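The file coords.txt comes next; it holds compact mmCIF, C-alpha atoms.
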# COMPACT_ATOMS: atom_id res chain seq x y z
CA MET A 164 15.39 8.63 14.72
CA THR A 165 17.20 5.75 13.03
CA PRO A 166 15.35 4.15 10.10
CA ALA A 167 13.65 0.88 11.01
CA LYS A 168 14.01 -2.35 9.07
CA ALA A 169 10.88 -3.66 7.32
CA LYS A 170 10.61 -7.33 6.41
CA GLY A 171 8.05 -8.57 3.91
CA HIS A 172 7.42 -11.75 1.99
CA ARG A 173 6.83 -12.22 -1.73
CA GLY A 174 3.11 -12.20 -2.45
CA SER A 175 2.14 -10.63 0.88
CA TRP A 176 0.64 -7.16 1.06
CA PHE A 177 2.01 -6.70 4.60
CA ALA A 178 5.45 -6.25 6.13
CA ASN A 179 6.73 -6.44 9.71
CA VAL A 180 8.42 -3.56 11.49
CA ASP A 181 9.59 -4.14 15.07
CA GLY A 182 7.31 -7.19 15.32
CA GLU A 183 4.17 -5.40 14.04
CA SER A 184 2.50 -6.34 10.77
CA LEU A 185 1.44 -3.30 8.74
CA PRO A 186 -0.28 -3.00 5.34
CA CYS A 187 1.89 -1.99 2.38
CA VAL A 188 0.73 0.42 -0.32
CA HIS A 189 2.44 1.49 -3.53
CA LYS A 190 3.96 4.97 -3.97
CA TYR A 191 2.75 4.65 -7.58
CA TRP A 192 -0.83 5.48 -6.45
CA VAL A 193 0.10 8.59 -4.41
CA LYS A 194 -0.59 11.99 -5.93
CA GLY A 195 0.26 14.84 -3.57
CA LEU A 196 -0.80 13.40 -0.22
CA VAL A 197 -3.67 11.25 -1.54
CA HIS A 198 -3.36 7.52 -2.21
CA HIS A 199 -5.98 6.08 -4.59
CA ASP A 200 -5.69 2.50 -5.85
CA ARG A 201 -8.68 1.29 -7.88
CA PHE A 202 -7.38 -2.34 -8.02
CA GLN A 203 -8.06 -2.48 -11.76
CA ARG A 204 -5.44 -5.17 -12.41
CA ARG A 205 -5.42 -8.96 -12.45
CA GLY A 206 -9.06 -9.27 -11.40
CA TYR A 207 -8.44 -8.14 -7.81
CA ALA A 208 -11.75 -6.24 -7.62
CA ASN A 209 -13.28 -8.14 -4.68
CA SER A 210 -10.49 -10.43 -3.54
CA SER A 211 -10.10 -11.38 0.10
CA GLN A 212 -6.58 -9.94 -0.13
CA ILE A 213 -8.00 -6.48 -0.85
CA LEU A 214 -10.56 -6.73 1.95
CA GLU A 215 -7.84 -7.80 4.41
CA LEU A 216 -5.66 -4.86 3.34
CA VAL A 217 -8.54 -2.36 3.58
CA GLN A 218 -9.52 -3.60 7.03
CA ALA A 219 -5.92 -3.28 8.26
CA VAL A 220 -5.61 0.28 6.89
CA GLN A 221 -8.90 1.25 8.56
CA GLN A 222 -7.98 -0.34 11.90
CA THR A 223 -4.35 0.73 12.24
CA GLU A 224 -4.64 4.06 10.41
CA ARG A 225 -1.04 3.45 9.38
CA VAL A 226 0.58 2.11 6.22
CA ILE A 227 4.00 1.27 4.89
CA LEU A 228 4.66 3.19 1.68
CA THR A 229 6.67 1.09 -0.76
CA ASP A 230 8.78 1.90 -3.79
CA ASP A 231 7.88 -0.42 -6.64
CA LYS A 232 8.54 -1.08 -10.29
CA PRO A 233 5.27 -1.28 -12.27
CA ILE A 234 4.87 -4.46 -14.32
CA VAL A 235 2.96 -4.11 -17.59
CA ASP A 236 1.82 -6.69 -20.14
CA ALA A 237 2.52 -6.59 -23.89
CA ALA A 238 -0.48 -4.29 -24.40
CA GLY A 239 0.84 -1.79 -21.84
CA ASN A 240 -1.71 -2.65 -19.13
CA LEU A 241 -0.54 -2.51 -15.51
CA ILE A 242 -0.67 -6.05 -14.12
CA GLY A 243 1.31 -5.75 -10.90
CA PHE A 244 4.37 -4.44 -9.12
CA GLU A 245 7.84 -5.61 -8.19
CA ARG A 246 8.81 -4.23 -4.80
CA LYS A 247 12.08 -2.27 -4.83
CA GLY A 248 12.07 -1.17 -1.20
CA TYR A 249 10.29 0.33 1.76
CA ILE A 250 10.08 4.11 2.18
CA ALA A 251 8.36 4.93 5.47
CA ILE A 252 5.46 4.30 7.84
CA TYR A 253 2.72 6.90 7.46
CA ALA A 254 -0.32 7.79 9.54
CA VAL A 255 -3.43 8.03 7.35
CA ASP A 256 -6.99 9.32 7.59
CA ASP A 257 -10.13 9.72 5.45
CA VAL A 258 -9.93 6.01 4.55
CA THR A 259 -12.64 4.90 2.11
CA TYR A 260 -13.17 1.76 0.08
CA SER A 261 -15.71 0.48 -2.40
CA PRO A 262 -15.34 -2.15 -5.14
CA GLU A 263 -16.12 0.55 -7.71
CA GLU A 264 -13.76 3.25 -6.43
CA GLY A 265 -11.06 1.19 -4.75
CA LEU A 266 -9.04 2.23 -1.70
CA LYS A 267 -8.50 5.91 -1.04
CA PHE A 268 -6.95 7.75 1.90
CA ARG A 269 -4.81 10.73 2.83
CA LEU A 270 -1.24 10.52 4.13
CA VAL A 271 -1.14 12.79 7.17
CA GLN A 272 2.19 12.20 8.89
CA ARG A 273 5.45 10.42 8.18
CA ILE A 274 5.99 8.43 11.37
CA ARG A 275 9.24 6.61 10.67
CA SER A 276 11.64 6.15 7.79
CA LEU A 277 12.40 2.59 6.69
CA GLN A 278 15.37 0.87 5.17
Could you render the structure from this file as structure tokens?
Amino acid sequence: MTPAKAKGHRGSWFANVDGESLPCVHKYWVKGLVHHDRFQRRGYANSSQILELVQAVQQTERVILTDDKPIVDAAGNLIGFERKGYIAIYAVDDVTYSPEEGLKFRLVQRIRSLQ
């Protein structure tokens, strides 16, 4: 299958593929097949942006995995990411979220490569 084109916008945690908006997650947080982002940067802990992302992951059970450059402050603390590109759409399961533990899920199937 030919890779699809993903289109996102600066500041948005979603991108469109073939007219469908899907949540984007950073490859940085994937170890093995488990994604675990604790949102311990820039005071995101209970932001509406996180809750919107979590709800979309739970409802669609699909995510766009992105390749990103970590951005750190002078003290070496992670403060964000600069998106380098889109990798693929993945099906996910075992989605959990709490403000204390962050967003965690398992990547179960690569559905489509992205460009």
Counting only C-alpha atoms, which residues come within 12 Å of (9.6, -10.0, -7.1), with the point read in the file's coordinates, and could you list them as a PyMOL selection string? chain A and resi 171-175+231-234+243-248
Put those residues in a file: C-alpha atoms, as a CSV table (one decimal), in the frame of the given file.
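File produced: selection_11.csv:
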chain,number,residue,atom,x,y,z
A,171,GLY,CA,8.0,-8.6,3.9
A,172,HIS,CA,7.4,-11.8,2.0
A,173,ARG,CA,6.8,-12.2,-1.7
A,174,GLY,CA,3.1,-12.2,-2.4
A,175,SER,CA,2.1,-10.6,0.9
A,231,ASP,CA,7.9,-0.4,-6.6
A,232,LYS,CA,8.5,-1.1,-10.3
A,233,PRO,CA,5.3,-1.3,-12.3
A,234,ILE,CA,4.9,-4.5,-14.3
A,243,GLY,CA,1.3,-5.8,-10.9
A,244,PHE,CA,4.4,-4.4,-9.1
A,245,GLU,CA,7.8,-5.6,-8.2
A,246,ARG,CA,8.8,-4.2,-4.8
A,247,LYS,CA,12.1,-2.3,-4.8
A,248,GLY,CA,12.1,-1.2,-1.2
Nearest-residue call for Val217 (chain A), choices A:Asp200, A:Asp236, A:Glu183, A:Asp230, using all atoms listed in the file: A:Asp200
Select, from A:Tyr260, A:Arg275, A:Val235, A:Ala251, the residue with the minimum atom-to-atom distance to Phe202 (chain A), counting only C-alpha atoms. A:Tyr260
One number please: CA of Thr259 (chain A) to CA of His198 (chain A), in Å, one decimal.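 Calculated distance between CA of Thr259 (chain A) and CA of His198 (chain A) is 10.6 Å.
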Quote the spacing between CA of Trp192 (chain A) and CA of Ala167 (chain A) in Å to one decimal place.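 Spanning CA of Trp192 (chain A) to CA of Ala167 (chain A) is a straight-line distance of 23.1 Å.
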Taking all atoms listed in the file into account, which of A:His199, A:Gly239, A:Thr229, A:Ile274 comes nearest Ala254 (chain A)?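 That would be A:Ile274, the residue with the smallest distance to Ala254 (chain A).
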Record the distance separating CA of Ser261 (chain A) and CA of Gln212 (chain A), expressed in Å with one decimal. 14.0 Å
Find the residues around Glu224 (chain A) up to 8 Å (all atoms listed in the file counted), leave out those fewer than 4 positions away in its own chain, and share them as number ranges by chain. A: 219-220, 254-256
Which residue of A:Leu216, A:Val193, A:Arg269, A:Val258 approaches Trp176 (chain A) most closely, using only C-alpha atoms: A:Leu216
